[in-house]
$ cat structure-v1.txt   # compact mmCIF, N, CA and C atoms
# COMPACT_ATOMS: atom_id res chain seq x y z
N MET K 1 22.23 -12.68 -26.61
CA MET K 1 23.01 -12.14 -25.52
C MET K 1 23.49 -10.72 -25.85
N ARG K 2 23.94 -10.51 -27.08
CA ARG K 2 24.42 -9.19 -27.48
C ARG K 2 23.31 -8.15 -27.40
N ALA K 3 22.09 -8.53 -27.78
CA ALA K 3 20.96 -7.60 -27.73
C ALA K 3 20.69 -7.15 -26.30
N ILE K 4 20.84 -8.05 -25.34
CA ILE K 4 20.62 -7.70 -23.94
C ILE K 4 21.68 -6.71 -23.47
N VAL K 5 22.93 -6.96 -23.84
CA VAL K 5 24.02 -6.06 -23.45
C VAL K 5 23.84 -4.69 -24.08
N VAL K 6 23.48 -4.66 -25.36
CA VAL K 6 23.26 -3.38 -26.05
C VAL K 6 22.11 -2.64 -25.40
N ARG K 7 21.00 -3.35 -25.12
CA ARG K 7 19.85 -2.70 -24.49
C ARG K 7 20.21 -2.20 -23.10
N ASP K 8 20.92 -3.00 -22.32
CA ASP K 8 21.30 -2.58 -20.98
C ASP K 8 22.27 -1.40 -21.03
N GLY K 9 23.19 -1.41 -21.99
CA GLY K 9 24.11 -0.28 -22.17
C GLY K 9 23.35 0.98 -22.51
N ARG K 10 22.37 0.84 -23.37
CA ARG K 10 21.52 1.99 -23.74
C ARG K 10 20.79 2.51 -22.51
N SER K 11 20.21 1.62 -21.74
CA SER K 11 19.48 2.03 -20.54
C SER K 11 20.39 2.73 -19.54
N GLN K 12 21.60 2.21 -19.37
CA GLN K 12 22.54 2.84 -18.44
C GLN K 12 22.91 4.24 -18.89
N ARG K 13 23.14 4.42 -20.18
CA ARG K 13 23.50 5.76 -20.68
C ARG K 13 22.31 6.71 -20.54
N VAL K 14 21.12 6.23 -20.84
CA VAL K 14 19.93 7.08 -20.70
C VAL K 14 19.71 7.41 -19.23
N THR K 15 19.93 6.45 -18.35
CA THR K 15 19.81 6.70 -16.91
C THR K 15 20.81 7.76 -16.48
N ARG K 16 22.02 7.71 -17.01
CA ARG K 16 23.03 8.72 -16.71
C ARG K 16 22.55 10.10 -17.19
N ALA K 17 21.95 10.14 -18.37
CA ALA K 17 21.43 11.40 -18.90
C ALA K 17 20.27 11.91 -18.04
N LEU K 18 19.37 11.04 -17.64
CA LEU K 18 18.25 11.43 -16.78
C LEU K 18 18.76 12.02 -15.47
N ARG K 19 19.73 11.36 -14.87
CA ARG K 19 20.31 11.83 -13.61
C ARG K 19 20.96 13.21 -13.80
N PHE K 20 21.69 13.36 -14.91
CA PHE K 20 22.35 14.65 -15.18
C PHE K 20 21.32 15.77 -15.31
N VAL K 21 20.25 15.52 -16.03
CA VAL K 21 19.20 16.54 -16.20
C VAL K 21 18.58 16.85 -14.85
N ARG K 22 18.28 15.83 -14.09
CA ARG K 22 17.64 16.02 -12.78
C ARG K 22 18.51 16.85 -11.84
N GLU K 23 19.83 16.62 -11.89
CA GLU K 23 20.75 17.32 -11.00
C GLU K 23 21.11 18.73 -11.49
N ASN K 24 20.87 19.02 -12.77
CA ASN K 24 21.33 20.28 -13.36
C ASN K 24 20.23 21.07 -14.06
N TYR K 25 18.97 20.81 -13.74
CA TYR K 25 17.86 21.44 -14.45
C TYR K 25 17.83 22.96 -14.32
N LYS K 26 18.50 23.50 -13.31
CA LYS K 26 18.49 24.96 -13.10
C LYS K 26 19.42 25.70 -14.05
N TRP K 27 20.30 24.98 -14.71
CA TRP K 27 21.31 25.59 -15.58
C TRP K 27 20.90 25.46 -17.03
N PRO K 28 21.39 26.34 -17.88
CA PRO K 28 21.07 26.21 -19.32
C PRO K 28 21.60 24.88 -19.86
N LEU K 29 20.71 24.03 -20.30
CA LEU K 29 21.09 22.73 -20.85
C LEU K 29 20.61 22.63 -22.29
N ASP K 30 21.36 21.91 -23.07
CA ASP K 30 20.95 21.59 -24.43
C ASP K 30 21.33 20.13 -24.69
N VAL K 31 20.87 19.59 -25.79
CA VAL K 31 21.11 18.18 -26.09
C VAL K 31 22.60 17.85 -26.17
N PRO K 32 23.45 18.66 -26.83
CA PRO K 32 24.88 18.33 -26.83
C PRO K 32 25.50 18.25 -25.43
N THR K 33 25.09 19.12 -24.53
CA THR K 33 25.62 19.09 -23.16
C THR K 33 25.17 17.83 -22.44
N ILE K 34 23.91 17.49 -22.57
CA ILE K 34 23.39 16.27 -21.93
C ILE K 34 24.06 15.04 -22.54
N ALA K 35 24.24 15.05 -23.85
CA ALA K 35 24.88 13.92 -24.53
C ALA K 35 26.31 13.71 -24.03
N ARG K 36 27.06 14.79 -23.88
CA ARG K 36 28.43 14.68 -23.36
C ARG K 36 28.43 14.07 -21.97
N ALA K 37 27.50 14.49 -21.13
CA ALA K 37 27.42 13.97 -19.76
C ALA K 37 27.11 12.47 -19.74
N ALA K 38 26.40 12.00 -20.76
CA ALA K 38 26.02 10.58 -20.84
C ALA K 38 26.97 9.78 -21.73
N TYR K 39 28.03 10.44 -22.22
CA TYR K 39 29.01 9.79 -23.10
C TYR K 39 28.35 9.25 -24.37
N MET K 40 27.53 10.11 -24.98
CA MET K 40 26.81 9.74 -26.19
C MET K 40 26.90 10.89 -27.19
N SER K 41 26.65 10.57 -28.46
CA SER K 41 26.51 11.64 -29.44
C SER K 41 25.10 12.22 -29.29
N PRO K 42 24.90 13.46 -29.71
CA PRO K 42 23.55 14.04 -29.60
C PRO K 42 22.47 13.22 -30.31
N SER K 43 22.79 12.71 -31.50
CA SER K 43 21.77 11.94 -32.23
C SER K 43 21.47 10.61 -31.53
N THR K 44 22.51 9.95 -31.00
CA THR K 44 22.29 8.69 -30.28
C THR K 44 21.50 8.95 -29.01
N LEU K 45 21.85 10.04 -28.30
CA LEU K 45 21.11 10.38 -27.09
C LEU K 45 19.63 10.56 -27.41
N HIS K 46 19.35 11.36 -28.42
CA HIS K 46 17.94 11.63 -28.75
C HIS K 46 17.21 10.33 -29.10
N HIS K 47 17.81 9.51 -29.91
CA HIS K 47 17.19 8.25 -30.33
C HIS K 47 16.99 7.31 -29.14
N ASP K 48 18.03 7.08 -28.35
CA ASP K 48 17.93 6.15 -27.22
C ASP K 48 17.02 6.68 -26.12
N TYR K 49 17.09 7.98 -25.87
CA TYR K 49 16.25 8.61 -24.85
C TYR K 49 14.78 8.40 -25.19
N LYS K 50 14.46 8.66 -26.45
CA LYS K 50 13.08 8.52 -26.91
C LYS K 50 12.63 7.06 -26.82
N ALA K 51 13.53 6.13 -27.18
CA ALA K 51 13.19 4.70 -27.12
C ALA K 51 12.94 4.24 -25.69
N VAL K 52 13.70 4.76 -24.74
CA VAL K 52 13.58 4.31 -23.35
C VAL K 52 12.49 5.06 -22.60
N THR K 53 12.36 6.37 -22.83
CA THR K 53 11.44 7.19 -22.02
C THR K 53 10.18 7.66 -22.75
N SER K 54 10.12 7.49 -24.05
CA SER K 54 9.01 7.97 -24.87
C SER K 54 8.90 9.49 -24.90
N SER K 55 9.98 10.17 -24.56
CA SER K 55 10.01 11.63 -24.70
C SER K 55 11.43 12.04 -25.08
N SER K 56 11.57 13.29 -25.46
CA SER K 56 12.90 13.79 -25.81
C SER K 56 13.59 14.31 -24.54
N PRO K 57 14.91 14.46 -24.59
CA PRO K 57 15.60 15.02 -23.43
C PRO K 57 15.09 16.41 -23.04
N MET K 58 14.78 17.24 -24.02
CA MET K 58 14.32 18.59 -23.72
C MET K 58 12.90 18.58 -23.13
N GLN K 59 12.06 17.64 -23.57
CA GLN K 59 10.73 17.52 -22.98
C GLN K 59 10.83 17.13 -21.51
N TYR K 60 11.74 16.21 -21.22
CA TYR K 60 11.96 15.80 -19.83
C TYR K 60 12.46 16.97 -19.00
N LEU K 61 13.41 17.73 -19.53
CA LEU K 61 13.94 18.89 -18.83
C LEU K 61 12.81 19.87 -18.51
N LYS K 62 11.97 20.16 -19.47
CA LYS K 62 10.86 21.10 -19.25
C LYS K 62 9.92 20.59 -18.17
N ARG K 63 9.60 19.29 -18.20
CA ARG K 63 8.71 18.73 -17.18
C ARG K 63 9.33 18.87 -15.79
N ILE K 64 10.63 18.61 -15.67
CA ILE K 64 11.31 18.74 -14.38
C ILE K 64 11.26 20.20 -13.92
N GLN K 65 11.60 21.12 -14.80
CA GLN K 65 11.60 22.54 -14.44
C GLN K 65 10.21 23.00 -14.01
N LEU K 66 9.19 22.62 -14.76
CA LEU K 66 7.83 23.05 -14.43
C LEU K 66 7.36 22.43 -13.12
N HIS K 67 7.68 21.18 -12.89
CA HIS K 67 7.31 20.53 -11.64
C HIS K 67 7.99 21.20 -10.45
N GLU K 68 9.28 21.47 -10.58
CA GLU K 68 10.02 22.12 -9.49
C GLU K 68 9.50 23.53 -9.24
N ALA K 69 9.18 24.25 -10.31
CA ALA K 69 8.62 25.59 -10.15
C ALA K 69 7.27 25.53 -9.44
N ARG K 70 6.46 24.56 -9.80
CA ARG K 70 5.15 24.40 -9.14
C ARG K 70 5.34 24.17 -7.65
N LEU K 71 6.32 23.33 -7.28
CA LEU K 71 6.59 23.10 -5.86
C LEU K 71 7.04 24.38 -5.16
N LEU K 72 7.85 25.17 -5.83
CA LEU K 72 8.28 26.44 -5.25
C LEU K 72 7.09 27.37 -5.02
N MET K 73 6.17 27.40 -5.97
CA MET K 73 5.01 28.27 -5.83
C MET K 73 4.07 27.78 -4.75
N LEU K 74 3.94 26.46 -4.62
CA LEU K 74 3.04 25.90 -3.62
C LEU K 74 3.60 25.97 -2.21
N HIS K 75 4.84 25.55 -2.05
CA HIS K 75 5.39 25.38 -0.71
C HIS K 75 6.22 26.54 -0.20
N GLU K 76 6.69 27.38 -1.10
CA GLU K 76 7.51 28.51 -0.67
C GLU K 76 6.85 29.83 -1.03
N ASP K 77 5.61 29.77 -1.49
CA ASP K 77 4.84 30.97 -1.83
C ASP K 77 5.60 31.88 -2.79
N ASN K 78 6.33 31.26 -3.71
CA ASN K 78 7.10 31.99 -4.72
C ASN K 78 6.16 32.50 -5.81
N THR K 79 6.50 33.62 -6.41
CA THR K 79 5.73 34.11 -7.55
C THR K 79 6.08 33.26 -8.76
N ALA K 80 5.25 33.34 -9.79
CA ALA K 80 5.53 32.60 -11.02
C ALA K 80 6.85 33.07 -11.62
N ALA K 81 7.07 34.37 -11.65
CA ALA K 81 8.32 34.90 -12.22
C ALA K 81 9.52 34.46 -11.40
N GLY K 82 9.40 34.49 -10.09
CA GLY K 82 10.50 34.07 -9.22
C GLY K 82 10.80 32.59 -9.37
N ALA K 83 9.76 31.77 -9.39
CA ALA K 83 9.95 30.33 -9.55
C ALA K 83 10.53 30.01 -10.92
N ALA K 84 10.05 30.71 -11.95
CA ALA K 84 10.56 30.49 -13.30
C ALA K 84 12.05 30.78 -13.35
N HIS K 85 12.45 31.88 -12.78
CA HIS K 85 13.87 32.24 -12.78
C HIS K 85 14.69 31.22 -11.99
N GLU K 86 14.17 30.79 -10.86
CA GLU K 86 14.90 29.86 -9.99
C GLU K 86 15.13 28.50 -10.63
N VAL K 87 14.23 28.08 -11.53
CA VAL K 87 14.41 26.78 -12.18
C VAL K 87 15.06 26.88 -13.56
N GLY K 88 15.49 28.07 -13.93
CA GLY K 88 16.26 28.20 -15.15
C GLY K 88 15.58 28.84 -16.34
N TYR K 89 14.35 29.28 -16.19
CA TYR K 89 13.69 29.96 -17.31
C TYR K 89 14.21 31.38 -17.41
N GLN K 90 14.46 31.84 -18.62
CA GLN K 90 14.90 33.20 -18.84
C GLN K 90 13.71 34.13 -19.06
N SER K 91 12.60 33.57 -19.51
CA SER K 91 11.43 34.37 -19.86
C SER K 91 10.21 33.93 -19.05
N PRO K 92 9.68 34.82 -18.20
CA PRO K 92 8.46 34.48 -17.45
C PRO K 92 7.28 34.17 -18.37
N SER K 93 7.19 34.85 -19.51
CA SER K 93 6.05 34.58 -20.41
C SER K 93 6.18 33.19 -21.04
N GLN K 94 7.39 32.78 -21.38
CA GLN K 94 7.58 31.42 -21.90
C GLN K 94 7.23 30.40 -20.82
N PHE K 95 7.66 30.67 -19.59
CA PHE K 95 7.32 29.79 -18.47
C PHE K 95 5.81 29.67 -18.34
N SER K 96 5.10 30.80 -18.36
CA SER K 96 3.64 30.77 -18.21
C SER K 96 2.97 29.95 -19.31
N ARG K 97 3.43 30.13 -20.55
CA ARG K 97 2.85 29.35 -21.67
C ARG K 97 3.08 27.86 -21.47
N GLU K 98 4.32 27.49 -21.13
CA GLU K 98 4.64 26.07 -20.97
C GLU K 98 3.97 25.48 -19.74
N TYR K 99 3.85 26.25 -18.67
CA TYR K 99 3.16 25.79 -17.47
C TYR K 99 1.70 25.50 -17.80
N HIS K 100 1.07 26.43 -18.50
CA HIS K 100 -0.33 26.25 -18.90
C HIS K 100 -0.49 25.03 -19.79
N ARG K 101 0.44 24.84 -20.72
CA ARG K 101 0.39 23.71 -21.64
C ARG K 101 0.52 22.37 -20.89
N LEU K 102 1.43 22.31 -19.93
CA LEU K 102 1.65 21.06 -19.20
C LEU K 102 0.57 20.80 -18.17
N ILE K 103 0.25 21.80 -17.36
CA ILE K 103 -0.68 21.63 -16.25
C ILE K 103 -2.13 21.71 -16.70
N GLY K 104 -2.39 22.48 -17.75
CA GLY K 104 -3.74 22.60 -18.26
C GLY K 104 -4.52 23.78 -17.70
N ALA K 105 -3.87 24.57 -16.87
CA ALA K 105 -4.51 25.76 -16.30
C ALA K 105 -3.43 26.80 -16.02
N PRO K 106 -3.80 28.07 -16.06
CA PRO K 106 -2.83 29.10 -15.69
C PRO K 106 -2.37 28.91 -14.25
N ARG K 107 -1.22 29.40 -13.93
CA ARG K 107 -0.62 29.25 -12.60
C ARG K 107 -1.58 29.67 -11.50
N GLY K 108 -2.24 30.78 -11.66
CA GLY K 108 -3.14 31.30 -10.63
C GLY K 108 -4.30 30.36 -10.33
N GLN K 109 -4.86 29.75 -11.37
CA GLN K 109 -5.98 28.84 -11.17
C GLN K 109 -5.54 27.52 -10.57
N HIS K 110 -4.32 27.11 -10.87
CA HIS K 110 -3.87 25.80 -10.43
C HIS K 110 -3.21 25.83 -9.05
N VAL K 111 -2.41 26.82 -8.79
CA VAL K 111 -1.65 26.87 -7.55
C VAL K 111 -2.46 27.47 -6.41
N SER K 112 -3.18 28.54 -6.65
CA SER K 112 -3.86 29.24 -5.56
C SER K 112 -4.84 28.37 -4.79
N PRO K 113 -5.73 27.61 -5.45
CA PRO K 113 -6.64 26.77 -4.67
C PRO K 113 -5.90 25.73 -3.85
N LEU K 114 -4.82 25.15 -4.38
CA LEU K 114 -4.05 24.16 -3.64
C LEU K 114 -3.36 24.82 -2.45
N HIS K 115 -2.86 26.04 -2.66
CA HIS K 115 -2.16 26.75 -1.60
C HIS K 115 -3.13 27.09 -0.47
N VAL K 116 -4.32 27.55 -0.82
CA VAL K 116 -5.32 27.90 0.18
C VAL K 116 -5.76 26.64 0.92
N GLU K 117 -5.95 25.54 0.17
CA GLU K 117 -6.38 24.29 0.78
C GLU K 117 -5.34 23.77 1.75
N SER K 118 -4.06 23.78 1.36
CA SER K 118 -3.01 23.27 2.24
C SER K 118 -2.80 24.19 3.44
N ALA K 119 -3.00 25.50 3.27
CA ALA K 119 -2.86 26.43 4.38
C ALA K 119 -3.97 26.24 5.40
N SER K 120 -5.18 25.88 4.93
CA SER K 120 -6.30 25.70 5.84
C SER K 120 -6.18 24.41 6.65
N GLN K 121 -5.34 23.49 6.19
CA GLN K 121 -5.15 22.23 6.90
C GLN K 121 -4.11 22.34 8.00
N VAL K 122 -3.40 23.44 8.06
CA VAL K 122 -2.34 23.60 9.06
C VAL K 122 -2.90 23.91 10.41

$ encode --input "structure-v1.txt" --output "C-alpha cells"
Amino acid sequence: MRAIVVRDGRSQRVTRALRFVRENYKWPLDVPTIARAAYMSPSTLHHDYKAVTSSSPMQYLKRIQLHEARLLMLHEDNTAAGAAHEVGYQSPSQFSREYHRLIGAPRGQHVSPLHVESASQV
C-alpha cells in the first residue's frame, strides 16, 4: 500500500512539474525553479521526472519550445528567429541547432514544404 501512495505522490508531483513547464515555457526556466513549483528538491525532481517520463525536465522544456516554435512558423508564418524569441530562446543559432537535432532537418526544409502544402489546400 505504501508503495502505491509513494508512486502516486511521485506522479502527482511530476504532473505538477509538467504542467508548470507547459504553462511557462516562454520564460527562462531551470531545474531549481521547476522543482520549487512542484514542491520538490532539484535532485528529487530530476530523478522522479526521469522515472516517470524517461526524459529530463530540461529535455521536456526544449521539446515544448521547439514544438511551439514550429507551430508559429507553420501557422503564423513566423521567421525562425522570431519564433525562437517568442518561445524563450535567447540565441537563434542555438534554436536552429536544437531544431535540426529534434526534427532532423533544418527549419527551411521542414517547415516550407508543409507551409506550401497547407496553403495550397485552402

$ atom_distance --input "structure-v1.txt" --atom1 "CA of Arg16 in chain K" --atom2 "CA of Ala38 in chain K"
5.4 Å

$ closest_residue --input "structure-v1.txt" --among "K:Leu66, K:Thr15, K:Gly9, K:His46" --to "Tyr99 in chain K" --atoms "only N, CA and C atoms"
K:Leu66

$ closest_residue --input "structure-v1.txt" --among "K:Glu98, K:Glu76, K:Gly82, K:Phe20" --to "Lys62 in chain K" --atoms "all atoms listed in the file"
K:Glu98

$ residues_around --input "structure-v1.txt" --residues "Val52 in chain K" --least-positions-apart "5" --cutoff "8 Å" --atoms "only N, CA and C atoms" --output "list in words"
Arg10, Ser11, Val14, His46 and His47 of chain K

$ atom_distance --input "structure-v1.txt" --atom1 "atom C of Met40 in chain K" --atom2 "atom N of Ser91 in chain K"
27.9 Å
